[in-house]
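Shown below: target07.cif, with mmCIF, C-alpha atoms.
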data_target
loop_
_atom_site.label_atom_id
_atom_site.label_comp_id
_atom_site.auth_asym_id
_atom_site.auth_seq_id
_atom_site.Cartn_x
_atom_site.Cartn_y
_atom_site.Cartn_z
CA MET A 1 9.79 10.91 -3.12
CA ASP A 2 7.59 8.82 -0.85
CA THR A 3 7.28 5.16 -1.91
CA GLY A 4 3.57 5.14 -1.14
CA LYS A 5 2.94 8.09 -3.45
CA VAL A 6 4.94 6.48 -6.25
CA LEU A 7 3.06 3.21 -5.83
CA LEU A 8 -0.28 5.00 -5.79
CA GLY A 9 0.68 6.93 -8.92
CA VAL A 10 1.70 3.76 -10.74
CA LEU A 11 -1.51 1.97 -9.75
CA ALA A 12 -3.62 4.95 -10.83
CA GLY A 13 -1.83 5.07 -14.18
CA VAL A 14 -2.29 1.36 -14.78
CA ALA A 15 -5.96 1.59 -13.81
CA ALA A 16 -6.56 4.57 -16.10
CA GLY A 17 -4.81 2.84 -19.01
CA ALA A 18 -6.75 -0.37 -18.53
CA LEU A 19 -10.03 1.51 -18.24
CA LEU A 20 -9.40 3.50 -21.41
CA GLY A 21 -8.38 0.35 -23.27
CA ILE A 22 -11.55 -1.41 -22.24
CA LEU A 23 -13.79 1.57 -23.03
CA PHE A 24 -12.43 1.95 -26.54
CA ALA A 25 -12.55 -1.78 -27.35
CA PRO A 26 -15.32 -2.69 -29.81
CA GLU A 27 -17.37 -5.02 -27.59
CA LYS A 28 -20.91 -5.21 -26.28
CA GLY A 29 -21.69 -2.89 -23.36
CA SER A 30 -22.44 -5.75 -20.99
CA ASP A 31 -19.09 -7.39 -21.74
CA THR A 32 -17.32 -4.09 -21.24
CA ARG A 33 -19.06 -3.49 -17.90
CA LYS A 34 -18.08 -6.99 -16.75
CA LYS A 35 -14.45 -6.34 -17.69
CA ILE A 36 -14.45 -2.99 -15.89
CA SER A 37 -15.96 -4.61 -12.81
CA LYS A 38 -13.41 -7.44 -12.86
CA LYS A 39 -10.48 -5.05 -13.30
CA GLY A 40 -11.83 -2.88 -10.48
CA GLU A 41 -12.00 -5.88 -8.18
CA ASP A 42 -8.46 -6.87 -9.16
CA TYR A 43 -7.11 -3.38 -8.44
CA VAL A 44 -8.97 -3.18 -5.13
CA GLY A 45 -7.41 -6.50 -4.12
CA GLU A 46 -3.94 -5.31 -5.10
CA LEU A 47 -4.43 -2.02 -3.29
CA LYS A 48 -5.56 -3.83 -0.14
CA ASP A 49 -2.48 -6.06 -0.31
CA LYS A 50 -0.15 -3.08 -0.74
CA PHE A 51 -1.87 -1.22 2.09
CA ASN A 52 -1.53 -4.23 4.39
CA GLU A 53 2.17 -4.51 3.51
CA PHE A 54 2.58 -0.81 4.25
CA VAL A 55 0.83 -1.13 7.62
CA GLU A 56 2.97 -4.17 8.49
CA SER A 57 6.19 -2.33 7.65
CA ILE A 58 5.14 0.69 9.72
CA THR A 59 4.21 -1.59 12.61
CA GLU A 60 7.58 -3.34 12.42
CA LYS A 61 9.44 -0.03 12.40
CA PHE A 62 7.35 1.22 15.33
CA GLU A 63 8.17 -1.91 17.33
CA GLU A 64 11.89 -1.53 16.54
CA VAL A 65 11.91 2.09 17.67
CA LYS A 66 9.90 1.22 20.77
CA GLU A 67 12.44 -1.47 21.69
CA GLU A 68 15.36 0.93 21.11
CA VAL A 69 13.74 3.56 23.33
CA LYS A 70 13.13 0.96 26.01
CA GLU A 71 16.77 -0.17 25.90
CA GLU A 72 18.08 3.40 26.03
CA THR A 73 15.76 4.23 28.92
CA GLU A 74 16.98 1.20 30.85
CA LYS A 75 20.61 2.21 30.20
CA GLU A 76 19.94 5.73 31.43
CA MET A 77 18.15 4.43 34.52
CA LYS A 78 21.11 2.16 35.35
CA ALA A 79 23.58 4.97 34.72
CA SER A 80 21.68 7.38 36.95
CA LYS A 81 21.65 4.85 39.80
CA SER A 82 25.42 4.48 39.64
#

How does the structure come out when it is put into structure tokens?
Amino acid sequence: MDTGKVLLGVLAGVAAGALLGILFAPEKGSDTRKKISKKGEDYVGELKDKFNEFVESITEKFEEVKEEVKEETEKEMKASKS
């Protein structure tokens, strides 16, 4: 299973659980809305961080593959000249 899908599923589950917990808590509506807003901001920040990590890892892998292709191409060019 794809790591990104698992991570997204876990984050969605945590968000749903936190939202339900807040909604069913016996507090004033304004306090509840503030908590929901704060949690939303927290989850957005976490999601942005995870997305940035994902993009960085993909970029690193792309650069590695690009370098390998370059090296193999140079080897083939040298071998064809021989």

Report the centre and edge lengths, in Å to one decimal, of an axis-aligned box enclosing every atom of stretch 18-25 of chain A listed in the file, padded by 5 Å on each side, as JSON.
{"center_x": -10.3, "center_y": 0.9, "center_z": -22.8, "size_x": 17.0, "size_y": 15.3, "size_z": 19.1}

Ref. answer, residues at most 12 Å from (-15.3, -1.6, -20.6) with only C-alpha atoms, as a ChimeraX atom specification:
/A:15-40

Interatomic distance (Å, one decimal) between atom CA of A:Lys66 and atom CA of A:Leu7:
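The value is 27.5 Å.
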
Atom CA of A:Val44 to atom CA of A:Ala12: how many Å, to one decimal?
11.3 Å

Could you tell me which of A:Glu74, A:Lys5, A:Lys61, A:Leu11 comes closest to A:Gly45 if we count all atoms listed in the file?
A:Leu11

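Of the residues listed (A:Leu8, A:Val65, A:Ser80, A:Thr59), A:Leu8 shows the shortest atom-to-atom separation from A:Leu47; distances use all atoms listed in the file.
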
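The space between atom CA of A:Asp49 and atom CA of A:Glu68 spans 28.7 Å.
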
Find the residue from A:Gly13, A:Lys81, A:Thr73, A:Gly4 that sits nearest to A:Ile58; use all atoms listed in the file when measuring.
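Among the listed residues, A:Gly4 lies closest to A:Ile58.
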
Have a look at A:Phe54, A:Glu46, A:Ala79, A:Glu71 and name the one nearest to A:Thr3; count all atoms listed in the file.
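Selected residue with least distance to A:Thr3: A:Phe54.
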